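Have a look at the structure below before the remarks.
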Amino acid sequence: MKTYPYILQPYKGMSTRFVCPACKKRDKTFTLYIDTETNQPLHHTVGICNRLSKCGYHYTPKQYFIDNNLAYTKPIYCTPPTSLTQQAISYIPESVFAASLKQYSNNHFVQFLSSLFNADVVQKLVHKYYIGTAKYWQGTTVFWQVDALGKIHTGKLMLYNPITGKRVKQPYNHIHWAHKTIGQTHFNLRQCLFGEHLLAHNNQQVALVESEKTALIASVYLPDFIWLAVGSLSNLTLKKCSVLKGKTVTLYPDLNAFEKWNAKAKELSAICEISVSNLLQHNATETEKQQGLDLADYLVAFM
Ligand SMILES: [Zn+2]
């Protein structure tokens, strides 16, 4: 008789059903795949949502193994070979993430947003992009990197000036990482795009920028796009952008980075319909070009 290493967890009351990582309906609509030998779930995102037409989320064990570069063979969960466990991507515990989603009156970046937009808009932005608050420095903001399956890759901790909205770079560049603060020694980081979770069940066109701040602010002015940020130019690679496969994408480079992004666009055109906006190039003055004005500055000043 053929036995399967993973099955959908049989129903034994509501403790065996969970909140779907995609649609996040409060009623527990989600069934996990469990290991038939240990009865343990494979991963909290691997399962199926029962809202078939409205949500349709179904993450199979097979796909999970593919996504994490693991071989889909039965012995894996008995004695995981070290070579395979080393490759598995690490994620931030949901409790750490959830605990950061508050204290916005102490969050310098949110204070800056409140000087640009009304309270309702700010609140929606904070929820939409999962902006977090940390105590690392007084006023620290966390930009969580959550993928389309709800897995939390890391969070970028940054400190802003609450009045100007500029990053604090003196006496040192105030940037740190959530995965370095959770006391896990072997964290196998793979960054994802900021805002990547918004791609789930969404067919809107994508706009890609460098900084998290720009993505957030532009999403208010130009809401017809899903605004995502790469965080830094070095993340603008085919591998990190593989989630954009098949999408229509517009790159919005900062003023001093137009040529570099143009070159990257050619690379990314292998997987998506891509164009590079010259909105800033066309409209900026010489001084602004020298200052490396970004789209957020432009939108705040002129729209
Ligand atoms: Zn669902």
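A note on labels: chains of the structure tokens are A, B, ... as shown, every chain counts residues from 1, and ligands are counted from 1 in their shown order.
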
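Taking the backbone of this structure through DSSP, the residues of region 4-85 of chain A that come out as helix (DSSP H, G or I) are Met14, Ser15, Thr16, Pro61, Lys62, Gln63, Tyr64, Phe65, Ile66, Asp67, Lys74, Pro75, Ile76, Tyr77, Thr82, Ser83, Leu84 and Thr85 of chain A.
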
Within 9 Å of ligand 1, counting only C-alpha atoms and all ligand atoms, which protein or nucleic acid residues do you find, written as a ChimeraX atom specification? /A:19-25,29-30,48-52,54-58

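Restricting the calculation to only C-alpha atoms, the smallest distance between Tyr136 (chain A) and any of A:Val168, A:Leu193, A:Ile175, A:Tyr59 is found for A:Ile175.
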
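CA of Thr31 (chain A) sits 16.1 Å away from CA of Pro5 (chain A).
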
With only C-alpha atoms as the atoms that count, which of A:Val46, A:Leu32, A:Leu149, A:Ile92 lies nearest to Gly183 (chain A)? A:Ile92

Shell around region 240-242 of chain A at 10 Å using only C-alpha atoms, local window under 3 positions removed, as a ChimeraX atom specification: /A:190-193,196,230,234-237,245-246,268,271-272

Select from region 54-303 of chain A everything DSSP, run on the backbone, classes as strand (DSSP E), then give the selection as a VMD selection string. chain A and resid 131 to 134 140 to 146 152 to 158 175 to 177 205 to 209 225 to 229 248 to 251 273 to 276

Dump as a compact mmCIF listing (two decimals), in the first residue's frame, selection limited to N, CA and C atoms:
# COMPACT_ATOMS: atom_id res chain seq x y z
N ILE A 131 4.04 48.22 8.92
CA ILE A 131 5.10 49.01 9.55
C ILE A 131 5.16 48.67 11.03
N GLY A 132 6.36 48.43 11.53
CA GLY A 132 6.53 48.09 12.94
C GLY A 132 7.33 49.14 13.68
N THR A 133 7.26 49.04 15.01
CA THR A 133 8.03 49.94 15.88
C THR A 133 8.98 49.09 16.71
N ALA A 134 10.20 49.56 16.89
CA ALA A 134 11.15 48.84 17.73
C ALA A 134 11.79 49.80 18.71
N THR A 140 12.63 53.97 16.53
CA THR A 140 12.96 53.07 15.41
C THR A 140 11.73 52.56 14.66
N THR A 141 11.86 52.50 13.34
CA THR A 141 10.83 51.95 12.46
C THR A 141 11.31 50.60 11.91
N VAL A 142 10.38 49.65 11.80
CA VAL A 142 10.73 48.35 11.19
C VAL A 142 9.96 48.20 9.89
N PHE A 143 10.70 47.96 8.81
CA PHE A 143 10.08 47.62 7.53
C PHE A 143 10.20 46.11 7.34
N TRP A 144 9.11 45.41 7.63
CA TRP A 144 9.13 43.94 7.54
C TRP A 144 9.11 43.49 6.09
N GLN A 145 9.88 42.47 5.82
CA GLN A 145 9.86 41.84 4.49
C GLN A 145 9.03 40.56 4.58
N VAL A 146 7.78 40.67 4.14
CA VAL A 146 6.85 39.54 4.22
C VAL A 146 6.53 39.09 2.80
N ILE A 152 7.79 35.66 7.06
CA ILE A 152 8.51 36.89 7.39
C ILE A 152 10.01 36.64 7.26
N HIS A 153 10.62 37.24 6.24
CA HIS A 153 12.02 36.96 5.96
C HIS A 153 12.95 37.71 6.91
N THR A 154 12.72 38.99 7.07
CA THR A 154 13.43 39.78 8.07
C THR A 154 12.72 41.12 8.19
N GLY A 155 13.27 42.00 8.98
CA GLY A 155 12.76 43.36 9.06
C GLY A 155 13.95 44.29 9.07
N LYS A 156 13.82 45.41 8.36
CA LYS A 156 14.91 46.38 8.35
C LYS A 156 14.57 47.46 9.37
N LEU A 157 15.47 47.65 10.33
CA LEU A 157 15.26 48.66 11.36
C LEU A 157 15.97 49.94 10.94
N MET A 158 15.23 51.04 10.89
CA MET A 158 15.85 52.30 10.50
C MET A 158 15.32 53.42 11.38
N ILE A 175 20.96 51.78 10.80
CA ILE A 175 20.28 50.69 10.11
C ILE A 175 20.66 49.38 10.78
N HIS A 176 19.67 48.53 11.01
CA HIS A 176 19.93 47.26 11.67
C HIS A 176 18.91 46.25 11.16
N TRP A 177 19.02 44.99 11.58
CA TRP A 177 18.17 43.94 11.02
C TRP A 177 17.48 43.14 12.12
N GLN A 205 -0.76 46.29 -11.74
CA GLN A 205 0.62 46.45 -12.19
C GLN A 205 1.52 46.78 -11.00
N VAL A 206 2.79 46.46 -11.17
CA VAL A 206 3.76 46.67 -10.10
C VAL A 206 4.64 47.88 -10.41
N ALA A 207 4.92 48.67 -9.39
CA ALA A 207 5.92 49.73 -9.52
C ALA A 207 7.01 49.44 -8.49
N LEU A 208 8.24 49.51 -8.95
CA LEU A 208 9.36 49.10 -8.10
C LEU A 208 10.30 50.29 -7.87
N VAL A 209 10.62 50.55 -6.61
CA VAL A 209 11.52 51.65 -6.25
C VAL A 209 12.61 51.12 -5.33
N PHE A 225 -0.93 51.24 -8.75
CA PHE A 225 0.14 50.26 -8.76
C PHE A 225 0.25 49.55 -7.41
N ILE A 226 0.86 48.35 -7.43
CA ILE A 226 1.35 47.76 -6.19
C ILE A 226 2.78 48.26 -6.05
N TRP A 227 3.03 49.07 -5.04
CA TRP A 227 4.37 49.65 -4.86
C TRP A 227 5.24 48.75 -4.01
N LEU A 228 6.38 48.36 -4.56
CA LEU A 228 7.33 47.50 -3.85
C LEU A 228 8.69 48.18 -3.82
N ALA A 229 9.50 47.82 -2.82
CA ALA A 229 10.86 48.37 -2.74
C ALA A 229 11.88 47.25 -2.68
N THR A 248 3.48 42.98 -15.03
CA THR A 248 3.85 44.20 -15.73
C THR A 248 4.44 45.15 -14.70
N VAL A 249 5.70 45.52 -14.92
CA VAL A 249 6.46 46.22 -13.89
C VAL A 249 7.04 47.53 -14.44
N THR A 250 6.90 48.60 -13.65
CA THR A 250 7.57 49.86 -13.99
C THR A 250 8.61 50.16 -12.91
N LEU A 251 9.83 50.42 -13.33
CA LEU A 251 10.86 50.81 -12.38
C LEU A 251 10.88 52.33 -12.26
N GLU A 273 7.23 41.95 -18.06
CA GLU A 273 7.03 43.08 -18.97
C GLU A 273 7.52 44.32 -18.23
N ILE A 274 8.62 44.91 -18.68
CA ILE A 274 9.23 45.92 -17.82
C ILE A 274 9.51 47.23 -18.56
N SER A 275 9.32 48.34 -17.85
CA SER A 275 9.70 49.63 -18.41
C SER A 275 10.31 50.48 -17.30
N VAL A 276 11.05 51.50 -17.70
CA VAL A 276 11.69 52.37 -16.73
C VAL A 276 11.09 53.77 -16.87

Name the closest residue to Asn173 (chain A) among the candidates A:Leu222, A:Tyr33, A:Thr185, A:Tyr160; distances are taken between atoms, counting only C-alpha atoms.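 So, comparing all the options, the nearest one is A:Tyr160.
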
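The coordinates place CA of Thr287 (chain A) at 19.9 Å from CA of Thr214 (chain A).
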
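We find CA of Gly150 (chain A) and CA of Ser114 (chain A) to be spaced 27.1 Å apart.
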
Show me, as an NGL selection string, the residues that have an atom within 8 Å of Tyr221 (chain A) when counting only C-alpha atoms, minus same-chain residues fewer than 3 positions from it. :A and (217-218 or 299 or 303)
